[in-house]
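Let me begin by presenting the structure, written as structure tokens, before commenting on it.
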Amino acid sequence: LWVAGVLDALRHGVVLPYGADADHIQVKRGADGLARAKRMLDATRYYSFYTLDVSDVLDYGAMTADGAGLLDARLPAPHGRREIVAFHQQPRRVGGYEYRPDAATLGRLVGKYWAALDAVGAMYEYILGLKAGWPFDLELSIDEHPNEVPTFDCLTSETELVFVLLEEQRRGIPLSHVAHNFSVEKGTDYR
């Protein structure tokens with residue numbers, strides 16, 4: 001029935017609201033990573049759902065690094081750094097989870113996610129330009145990982161997930177879905 005409706009609409013010149021999922025538009029590491037993702041977005045301008053996969057640009061080593069050093073390196077402007085620290089250190093309760101990262105934890109979170117979140121922001125703005133006011137849904141995928149990073153070394157903790165959600169909210173990026181790594185090794189098992 002749906003196919004007949006679409007075909008009938010095409011035959012009579014009617015534009016129907018239907019959608020398609022631009023699944024896993026990936027930003028890869030390297031100088032061309034974001035530009036390649038934007039070329040993929042160009043090809044999906046009429047889609048209605050976008051899954052932005054920034055897993056490859058996450059800095060997985062940041063979670064075991066010196067958090068204070070990462071905070072200063074990723075956020076060199078003192079005023080901006082103070083603003084972000086104040087935002088994330090407000091006491092919050094999400095479900096039954098208390099979120100209030102200390103400075104070292106916040107530095108590690110910024111270290112791991114900042115470049116990826118910047119890429120999401122750039123792609124969101126790009127999609128807004130492509131869509132010219134047409135609505136769309138936006139999913140963030142952080143559940144994949146590079147081959148050199150074992151699955152269980154990159155599970156998304158509650159603190160990480162809340163950080164990502166709050167940071168996207170702070171940036172004004174309306175996510176409708178988030179795919180985080182909760183220990184499924186795709187293509188291998190479903191533990």
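FYI, nothing fancy with the structure tokens labels: chains A, B, ... in order, residues from 1 per chain, ligands from 1 as they appear.
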* Please identify all polymer residues within 8 Å of Ala104 in chain A, counting only C-alpha atoms, omitting same-chain residues fewer than 2 positions from it, and present them as a VMD selection string. => chain A and resid 66 to 68 101 to 102 106 to 108
* Structure fact -> Expressed in Å, the length from CA of Asp118 in chain A to CA of Gly19 in chain A is 26.4 Å
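Proximity to Gly133 in chain A at 12 Å, evaluated using only C-alpha atoms and with sequence-adjacent residues fewer than 3 positions away removed, yields Arg45, Tyr46, Ser48, Glu125, Ile127, Leu128, Gly129, Leu130 and Phe136 of chain A.
Residues in contact range of Val162 in chain A, defined as at most 10 Å between only C-alpha atoms, with sequence neighbours fewer than 3 positions away removed, read His88, Arg92, Arg93, Val94, Tyr97, Glu98, Tyr99, Arg100, Thr156, Ser157, Glu158, Thr159, Leu165, Leu166, Glu167 and Glu168 of chain A.
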Which of range 37-159 of chain A DSSP labels strand (DSSP E or B), written as a PDB file with N, CA, C and O atoms, in the first residue's frame:
ATOM      1  N   PHE A  49      16.518  11.224   8.337  1.00  0.00           N
ATOM      2  CA  PHE A  49      17.148  10.731   9.559  1.00  0.00           C
ATOM      3  C   PHE A  49      18.634  10.589   9.274  1.00  0.00           C
ATOM      4  O   PHE A  49      19.020   9.998   8.267  1.00  0.00           O
ATOM      5  N   TYR A  50      19.456  11.152  10.153  1.00  0.00           N
ATOM      6  CA  TYR A  50      20.897  11.122   9.966  1.00  0.00           C
ATOM      7  C   TYR A  50      21.558  10.494  11.181  1.00  0.00           C
ATOM      8  O   TYR A  50      21.333  10.932  12.307  1.00  0.00           O
ATOM      9  N   THR A  51      22.360   9.468  10.943  1.00  0.00           N
ATOM     10  CA  THR A  51      23.177   8.874  11.997  1.00  0.00           C
ATOM     11  C   THR A  51      24.608   9.329  11.751  1.00  0.00           C
ATOM     12  O   THR A  51      25.223   8.944  10.752  1.00  0.00           O
ATOM     13  N   LEU A  52      25.102  10.166  12.640  1.00  0.00           N
ATOM     14  CA  LEU A  52      26.464  10.697  12.523  1.00  0.00           C
ATOM     15  C   LEU A  52      27.389   9.845  13.384  1.00  0.00           C
ATOM     16  O   LEU A  52      27.243   9.801  14.607  1.00  0.00           O
ATOM     17  N   ASP A  53      28.317   9.179  12.746  1.00  0.00           N
ATOM     18  CA  ASP A  53      29.218   8.260  13.433  1.00  0.00           C
ATOM     19  C   ASP A  53      30.591   8.913  13.576  1.00  0.00           C
ATOM     20  O   ASP A  53      31.326   9.048  12.607  1.00  0.00           O
ATOM     21  N   ARG A  92      24.019  17.220  39.202  1.00  0.00           N
ATOM     22  CA  ARG A  92      22.870  16.750  38.426  1.00  0.00           C
ATOM     23  C   ARG A  92      22.562  15.316  38.814  1.00  0.00           C
ATOM     24  O   ARG A  92      23.466  14.539  39.080  1.00  0.00           O
ATOM     25  N   ARG A  93      21.311  15.000  38.761  1.00  0.00           N
ATOM     26  CA  ARG A  93      20.865  13.631  38.968  1.00  0.00           C
ATOM     27  C   ARG A  93      20.118  13.226  37.704  1.00  0.00           C
ATOM     28  O   ARG A  93      19.142  13.843  37.325  1.00  0.00           O
ATOM     29  N   VAL A  94      20.596  12.201  37.042  1.00  0.00           N
ATOM     30  CA  VAL A  94      19.986  11.703  35.816  1.00  0.00           C
ATOM     31  C   VAL A  94      19.496  10.293  36.117  1.00  0.00           C
ATOM     32  O   VAL A  94      20.306   9.381  36.289  1.00  0.00           O
ATOM     33  N   TYR A  97      21.351   8.275  38.687  1.00  0.00           N
ATOM     34  CA  TYR A  97      22.791   8.489  38.585  1.00  0.00           C
ATOM     35  C   TYR A  97      23.159   9.919  38.931  1.00  0.00           C
ATOM     36  O   TYR A  97      22.579  10.866  38.412  1.00  0.00           O
ATOM     37  N   GLU A  98      24.145  10.072  39.814  1.00  0.00           N
ATOM     38  CA  GLU A  98      24.689  11.394  40.174  1.00  0.00           C
ATOM     39  C   GLU A  98      25.801  11.746  39.197  1.00  0.00           C
ATOM     40  O   GLU A  98      26.756  10.996  39.033  1.00  0.00           O
ATOM     41  N   TYR A  99      25.675  12.881  38.539  1.00  0.00           N
ATOM     42  CA  TYR A  99      26.694  13.343  37.603  1.00  0.00           C
ATOM     43  C   TYR A  99      27.307  14.620  38.142  1.00  0.00           C
ATOM     44  O   TYR A  99      26.631  15.649  38.267  1.00  0.00           O
ATOM     45  N   ASP A 137      15.601  14.021  11.905  1.00  0.00           N
ATOM     46  CA  ASP A 137      16.056  13.452  13.172  1.00  0.00           C
ATOM     47  C   ASP A 137      17.555  13.240  13.097  1.00  0.00           C
ATOM     48  O   ASP A 137      18.112  13.011  12.017  1.00  0.00           O
ATOM     49  N   LEU A 138      18.190  13.294  14.267  1.00  0.00           N
ATOM     50  CA  LEU A 138      19.648  13.215  14.332  1.00  0.00           C
ATOM     51  C   LEU A 138      20.050  12.216  15.403  1.00  0.00           C
ATOM     52  O   LEU A 138      19.665  12.343  16.571  1.00  0.00           O
ATOM     53  N   GLU A 139      20.827  11.238  14.982  1.00  0.00           N
ATOM     54  CA  GLU A 139      21.365  10.238  15.908  1.00  0.00           C
ATOM     55  C   GLU A 139      22.875  10.402  15.978  1.00  0.00           C
ATOM     56  O   GLU A 139      23.531  10.641  14.956  1.00  0.00           O
ATOM     57  N   LEU A 140      23.413  10.258  17.171  1.00  0.00           N
ATOM     58  CA  LEU A 140      24.863  10.256  17.371  1.00  0.00           C
ATOM     59  C   LEU A 140      25.295   8.826  17.627  1.00  0.00           C
ATOM     60  O   LEU A 140      24.759   8.164  18.513  1.00  0.00           O
ATOM     61  N   SER A 141      26.252   8.356  16.866  1.00  0.00           N
ATOM     62  CA  SER A 141      26.788   7.013  17.049  1.00  0.00           C
ATOM     63  C   SER A 141      28.201   7.099  17.606  1.00  0.00           C
ATOM     64  O   SER A 141      29.089   7.675  16.984  1.00  0.00           O
ATOM     65  N   ILE A 142      28.364   6.528  18.785  1.00  0.00           N
ATOM     66  CA  ILE A 142      29.698   6.393  19.386  1.00  0.00           C
ATOM     67  C   ILE A 142      29.919   4.938  19.794  1.00  0.00           C
ATOM     68  O   ILE A 142      30.715   4.639  20.683  1.00  0.00           O
TER      69      ILE A 142
END
* Just list the residues in range 7-176 of chain A DSSP gives helix (DSSP H, G or I) on the backbone, as a PyMOL selection string. => chain A and resi 7-11+33-43+55-57+60-64+67-74+78-88+103-131+151-153+158-170
